[in-house]
Amino acid sequence: MMSLILGIESSCDETAAALVTSDRRILAHKLAGQESAHRPYGGVVPEIAARAHVEILPALIEDVLAEAGVSLMDVDAIAATAGPGLIGGVMVGLITAKGLALATGTPLVAVNHLEGHALSPMLCAPGLEFPYLLLLVSGGHCQLLSVEGVDRYRRLATTIDDAAGEAFDKSAKLLGLGFPGGPAVEKAAELGDPKAVPLPRPLVGTDEPHFSFAGLKSAVLRARDSGRYSAKDIAASFQQAVIDCLVDRTHRALGQADGATALVVAGGVAANQAVRGALASLADGHGLDFVAPPLWLCTDNAAMIAWAGALRFEQGLTDGLDAPARARWPLDPSAEKARGAGVKA
């Protein structure tokens, strides 16, 4: 039986609400960004983000209900990001969902934001089947996962310091390219020479399965301070270095992902066209389908949270009103801890 899910996302600086059905129809989706509020600081300020979620979220929920022509009583479950993310923002969305669930008697689904990204490709690719190899690459995370089913993930690699998206953002700030950093670097890179600046490719070609981007970010700083290179050439060289790292590590993981039906990429960095192109070529070389969500579905959104909620709801995976908000929440809690002081879960 088809179910209708209200999704709520507030884990960082996007406030979003969506109505999605279990047969992959997005009935309504609204998103409010906060770029202008955070731009003066060159990055997301958690307290500003949380206050904005409080102000924006109720109206967004009303808007998606109105656009879809349904009421809260028509909703079968309410799904909200319960982590990982900026804890203040996560709490706003989760508490809102709990209040609506309590008031209407509707089941609550506390969704792992990373599971939202991990399952989002299935929303736009009905033929995608488990298991698939997922490169989850965003501002806060860089992981390779074998996606074996809903709530079933095997982590093959993670970052031992910075995430790829974090390196994009910090490099953009170093180069004065503006905020948000990822799109700014991509735009500048289109005008630069990716071979102009000799930058490192951390861990490429090694037996170490994980990612590392902190050294690359530091190399960008040194290249800038040398005065020998233009910002656009540094951006292009940086982007190519990241791509080389992602492709090398993913190629290695494909040897461990037995029976993978496809290579899938998700997360905010998956919106980068050069990254997508390189990964598509890698998949083709391995004889695998390549699946990437539409650009808007790569960045944080509520449709993916509603979709993950729909899949969990269908399997009876609902949560009580005591479901906690979590700053960190690994998809594979049993994964061996990676070395590195700045390891991301």
# chains A, B, ... in the order shown; residues from 1 in each chain; ligands from 1

call {"tool": "closest_atom_pairs", "arguments": {"of": "segment 223-265 of chain A", "to": "segment 177-196 of chain A", "cutoff": "12 Å", "atoms": "only C-alpha atoms", "output": "tab-separated table"}}
result
residue	atom	partner	partner_atom	distance
A:Ala223	CA	A:Ala196	CA	10.6
A:Arg228	CA	A:Ala196	CA	10.1
A:Tyr229	CA	A:Ala196	CA	7.8
A:Ser230	CA	A:Gly192	CA	8.2
A:Ala231	CA	A:Ala188	CA	7.7
A:Lys232	CA	A:Gly192	CA	4.6
A:Asp233	CA	A:Gly192	CA	4.2
A:Ile234	CA	A:Ala196	CA	7.4
A:Ala235	CA	A:Ala189	CA	5.0
A:Ala236	CA	A:Ala189	CA	3.9
A:Ser237	CA	A:Pro194	CA	3.9
A:Phe238	CA	A:Pro194	CA	7.4
A:Gln239	CA	A:Ala189	CA	7.0
A:Gln240	CA	A:Pro194	CA	6.0
A:Ala241	CA	A:Pro194	CA	8.4
A:Val242	CA	A:Pro194	CA	11.0
A:Ile243	CA	A:Pro194	CA	10.9
A:Asp244	CA	A:Pro194	CA	11.3

call {"tool": "residues_around", "arguments": {"residues": "Asp225 of chain A", "least_positions_apart": "4", "cutoff": "10 Å", "atoms": "only C-alpha atoms", "output": "CSV table (one decimal) with N, CA and C atoms, in the first residue's frame"}}
result
chain,number,residue,atom,x,y,z
A,174,LEU,N,40.4,30.4,1.5
A,174,LEU,CA,41.8,30.7,1.3
A,174,LEU,C,42.0,31.5,0.1
A,175,LEU,N,41.3,31.2,-1.0
A,175,LEU,CA,41.5,31.8,-2.3
A,175,LEU,C,40.6,33.1,-2.5
A,219,ALA,N,48.5,22.6,1.3
A,219,ALA,CA,49.2,22.8,0.1
A,219,ALA,C,48.6,24.0,-0.7
A,220,VAL,N,47.3,24.1,-0.7
A,220,VAL,CA,46.6,25.2,-1.4
A,220,VAL,C,47.0,26.5,-0.7
A,221,LEU,N,47.1,26.5,0.6
A,221,LEU,CA,47.6,27.7,1.3
A,221,LEU,C,49.0,28.1,0.9
A,229,TYR,N,51.0,31.7,-8.5
A,229,TYR,CA,49.9,31.1,-9.2
A,229,TYR,C,48.6,31.9,-9.1

call {"tool": "closest_atom_pairs", "arguments": {"of": "segment 88-109 of chain A", "to": "segment 62-79 of chain A", "cutoff": "7 Å", "atoms": "only C-alpha atoms", "output": "tab-separated table"}}
result
residue	atom	partner	partner_atom	distance
A:Ala97	CA	A:Ile78	CA	6.3
A:Ala101	CA	A:Ile78	CA	6.7
A:Thr104	CA	A:Met73	CA	6.7
A:Thr106	CA	A:Ala77	CA	5.6
A:Pro107	CA	A:Ala77	CA	4.9
A:Leu108	CA	A:Ile78	CA	5.0
A:Val109	CA	A:Ala79	CA	4.5

call {"tool": "closest_residue", "arguments": {"among": "A:Ala32, A:Leu295, A:Ala18, A:Val269", "to": "Ile61 of chain A", "atoms": "only C-alpha atoms"}}
result
A:Ala18

call {"tool": "select_by_dssp", "arguments": {"residues": "segment 52-251 of chain A", "states": "strand (DSSP E)", "output": "VMD selection string"}}
result
chain A and resid 77 to 83 108 to 112 132 to 137 142 to 149 152 to 157

call {"tool": "residues_around", "arguments": {"residues": "Arg328 of chain A", "least_positions_apart": "4", "cutoff": "12 Å", "atoms": "only C-alpha atoms", "output": "PDB file with C-alpha atoms, in the first residue's frame"}}
result
ATOM      1  CA  SER A  11      20.911  19.490   9.962  1.00  0.00           C
ATOM      2  CA  THR A  81      16.705  14.233  10.388  1.00  0.00           C
ATOM      3  CA  ALA A  82      17.834  13.185  13.874  1.00  0.00           C
ATOM      4  CA  GLY A  83      21.557  13.511  13.110  1.00  0.00           C
ATOM      5  CA  PRO A  84      24.353  13.762  12.341  1.00  0.00           C
ATOM      6  CA  GLY A  85      24.701  17.501  11.975  1.00  0.00           C
ATOM      7  CA  LEU A  86      24.849  20.776  13.860  1.00  0.00           C
ATOM      8  CA  ILE A  87      23.068  19.763  17.025  1.00  0.00           C
ATOM      9  CA  VAL A  90      18.967  18.918  14.265  1.00  0.00           C
ATOM     10  CA  ASN A 112      20.019   9.385   9.832  1.00  0.00           C
ATOM     11  CA  HIS A 113      20.938  12.238   7.484  1.00  0.00           C
ATOM     12  CA  LEU A 114      23.594  10.028   5.897  1.00  0.00           C
ATOM     13  CA  GLY A 140      31.017  16.840   6.651  1.00  0.00           C
ATOM     14  CA  HIS A 141      31.610  13.313   5.392  1.00  0.00           C
ATOM     15  CA  PRO A 324      17.596  11.537  20.541  1.00  0.00           C
ATOM     16  CA  ASP A 332      28.059   1.440  10.335  1.00  0.00           C
ATOM     17  CA  PRO A 333      28.634   1.547  14.103  1.00  0.00           C
ATOM     18  CA  VAL A 343      38.286  11.107  11.948  1.00  0.00           C
ATOM     19  CA  LYS A 344      34.712  11.578  10.811  1.00  0.00           C
ATOM     20  CA  ALA A 345      32.321   8.775  11.830  1.00  0.00           C
TER      21      ALA A 345
END

call {"tool": "closest_residue", "arguments": {"among": "A:Ile160, A:Val247, A:Met91, A:Val150", "to": "Leu119 of chain A", "atoms": "only C-alpha atoms"}}
result
A:Val150

call {"tool": "residues_around", "arguments": {"residues": "Gly7 of chain A", "least_positions_apart": "6", "cutoff": "8 Å", "atoms": "only C-alpha atoms", "output": "PyMOL selection string"}}
result
chain A and resi 17-20+78-80+302-307+309

call {"tool": "write_last_selection", "arguments": {"atoms": "all heavy atoms", "output": "mmCIF file, in the first residue's frame"}}
result
data_model
loop_
_atom_site.group_PDB
_atom_site.id
_atom_site.type_symbol
_atom_site.label_atom_id
_atom_site.label_comp_id
_atom_site.auth_asym_id
_atom_site.auth_seq_id
_atom_site.Cartn_x
_atom_site.Cartn_y
_atom_site.Cartn_z
ATOM 1 N N ALA A 17 11.315 21.058 3.828
ATOM 2 C CA ALA A 17 10.187 20.170 4.101
ATOM 3 C C ALA A 17 9.727 19.594 2.774
ATOM 4 O O ALA A 17 9.819 20.245 1.730
ATOM 5 C CB ALA A 17 9.051 20.917 4.795
ATOM 6 N N ALA A 18 9.237 18.366 2.804
ATOM 7 C CA ALA A 18 8.803 17.712 1.570
ATOM 8 C C ALA A 18 7.734 16.687 1.867
ATOM 9 O O ALA A 18 7.644 16.149 2.982
ATOM 10 C CB ALA A 18 9.985 17.037 0.868
ATOM 11 N N LEU A 19 6.926 16.400 0.858
ATOM 12 C CA LEU A 19 5.954 15.310 0.905
ATOM 13 C C LEU A 19 6.291 14.350 -0.221
ATOM 14 O O LEU A 19 6.317 14.729 -1.394
ATOM 15 C CB LEU A 19 4.528 15.837 0.749
ATOM 16 C CG LEU A 19 3.942 16.510 1.992
ATOM 17 C CD1 LEU A 19 2.727 17.347 1.623
ATOM 18 C CD2 LEU A 19 3.561 15.456 3.046
ATOM 19 N N VAL A 20 6.582 13.113 0.137
ATOM 20 C CA VAL A 20 7.008 12.099 -0.824
ATOM 21 C C VAL A 20 6.205 10.825 -0.572
ATOM 22 O O VAL A 20 5.955 10.460 0.576
ATOM 23 C CB VAL A 20 8.518 11.817 -0.689
ATOM 24 C CG1 VAL A 20 8.957 10.673 -1.595
ATOM 25 C CG2 VAL A 20 9.324 13.072 -0.997
ATOM 26 N N ILE A 78 5.841 10.872 9.852
ATOM 27 C CA ILE A 78 6.630 12.105 9.807
ATOM 28 C C ILE A 78 8.081 11.734 10.024
ATOM 29 O O ILE A 78 8.437 11.154 11.059
ATOM 30 C CB ILE A 78 6.153 13.105 10.881
ATOM 31 C CG1 ILE A 78 4.684 13.463 10.653
ATOM 32 C CG2 ILE A 78 7.023 14.363 10.855
ATOM 33 C CD1 ILE A 78 4.063 14.276 11.778
ATOM 34 N N ALA A 79 8.908 12.033 9.018
ATOM 35 C CA ALA A 79 10.330 11.698 9.073
ATOM 36 C C ALA A 79 11.139 12.972 9.248
ATOM 37 O O ALA A 79 10.895 13.961 8.555
ATOM 38 C CB ALA A 79 10.753 10.974 7.798
ATOM 39 N N ALA A 80 12.091 12.934 10.147
ATOM 40 C CA ALA A 80 12.941 14.110 10.378
ATOM 41 C C ALA A 80 14.372 13.666 10.589
ATOM 42 O O ALA A 80 14.632 12.607 11.171
ATOM 43 C CB ALA A 80 12.459 14.897 11.597
ATOM 44 N N ALA A 302 14.828 17.853 1.928
ATOM 45 C CA ALA A 302 13.886 17.067 2.722
ATOM 46 C C ALA A 302 13.293 15.905 1.946
ATOM 47 O O ALA A 302 12.755 14.984 2.553
ATOM 48 C CB ALA A 302 12.764 17.973 3.236
ATOM 49 N N ALA A 303 13.388 15.935 0.608
ATOM 50 C CA ALA A 303 12.845 14.827 -0.175
ATOM 51 C C ALA A 303 13.575 13.530 0.153
ATOM 52 O O ALA A 303 12.972 12.471 0.282
ATOM 53 C CB ALA A 303 12.929 15.136 -1.668
ATOM 54 N N MET A 304 14.899 13.613 0.299
ATOM 55 C CA MET A 304 15.658 12.395 0.612
ATOM 56 C C MET A 304 15.329 11.895 2.021
ATOM 57 O O MET A 304 15.344 10.682 2.272
ATOM 58 C CB MET A 304 17.161 12.653 0.469
ATOM 59 C CG MET A 304 17.766 13.545 1.537
ATOM 60 S SD MET A 304 19.555 13.743 1.290
ATOM 61 C CE MET A 304 20.016 14.591 2.822
ATOM 62 N N ILE A 305 15.032 12.808 2.935
ATOM 63 C CA ILE A 305 14.665 12.404 4.291
ATOM 64 C C ILE A 305 13.291 11.731 4.287
ATOM 65 O O ILE A 305 13.082 10.705 4.936
ATOM 66 C CB ILE A 305 14.673 13.617 5.242
ATOM 67 C CG1 ILE A 305 16.055 14.287 5.255
ATOM 68 C CG2 ILE A 305 14.245 13.204 6.654
ATOM 69 C CD1 ILE A 305 17.199 13.368 5.645
ATOM 70 N N ALA A 306 12.365 12.302 3.521
ATOM 71 C CA ALA A 306 11.046 11.683 3.407
ATOM 72 C C ALA A 306 11.144 10.313 2.749
ATOM 73 O O ALA A 306 10.465 9.358 3.157
ATOM 74 C CB ALA A 306 10.118 12.598 2.604
ATOM 75 N N TRP A 307 11.990 10.186 1.715
ATOM 76 C CA TRP A 307 12.143 8.912 1.011
ATOM 77 C C TRP A 307 12.752 7.856 1.930
ATOM 78 O O TRP A 307 12.269 6.717 1.996
ATOM 79 C CB TRP A 307 12.997 9.109 -0.232
ATOM 80 C CG TRP A 307 13.358 7.836 -0.936
ATOM 81 C CD1 TRP A 307 14.595 7.329 -1.106
ATOM 82 C CD2 TRP A 307 12.462 6.915 -1.566
ATOM 83 N NE1 TRP A 307 14.536 6.142 -1.793
ATOM 84 C CE2 TRP A 307 13.242 5.859 -2.091
ATOM 85 C CE3 TRP A 307 11.080 6.873 -1.725
ATOM 86 C CZ2 TRP A 307 12.682 4.780 -2.769
ATOM 87 C CZ3 TRP A 307 10.512 5.798 -2.406
ATOM 88 C CH2 TRP A 307 11.305 4.764 -2.921
ATOM 89 N N GLY A 309 12.554 7.921 5.077
ATOM 90 C CA GLY A 309 11.482 7.650 6.035
ATOM 91 C C GLY A 309 10.449 6.688 5.490
ATOM 92 O O GLY A 309 9.951 5.821 6.212
#

call {"tool": "select_by_dssp", "arguments": {"residues": "segment 193-296 of chain A", "states": "helix (DSSP H, G or I)", "output": "JSON, numbers by chain"}}
result
{"A": [214, 215, 216, 217, 218, 219, 220, 221, 222, 223, 224, 225, 226, 231, 232, 233, 234, 235, 236, 237, 238, 239, 240, 241, 242, 243, 244, 245, 246, 247, 248, 249, 250, 251, 252, 253, 254, 268, 269, 270, 271, 273, 274, 275, 276, 277, 278, 279, 280, 281, 282, 283, 284, 285, 295, 296]}
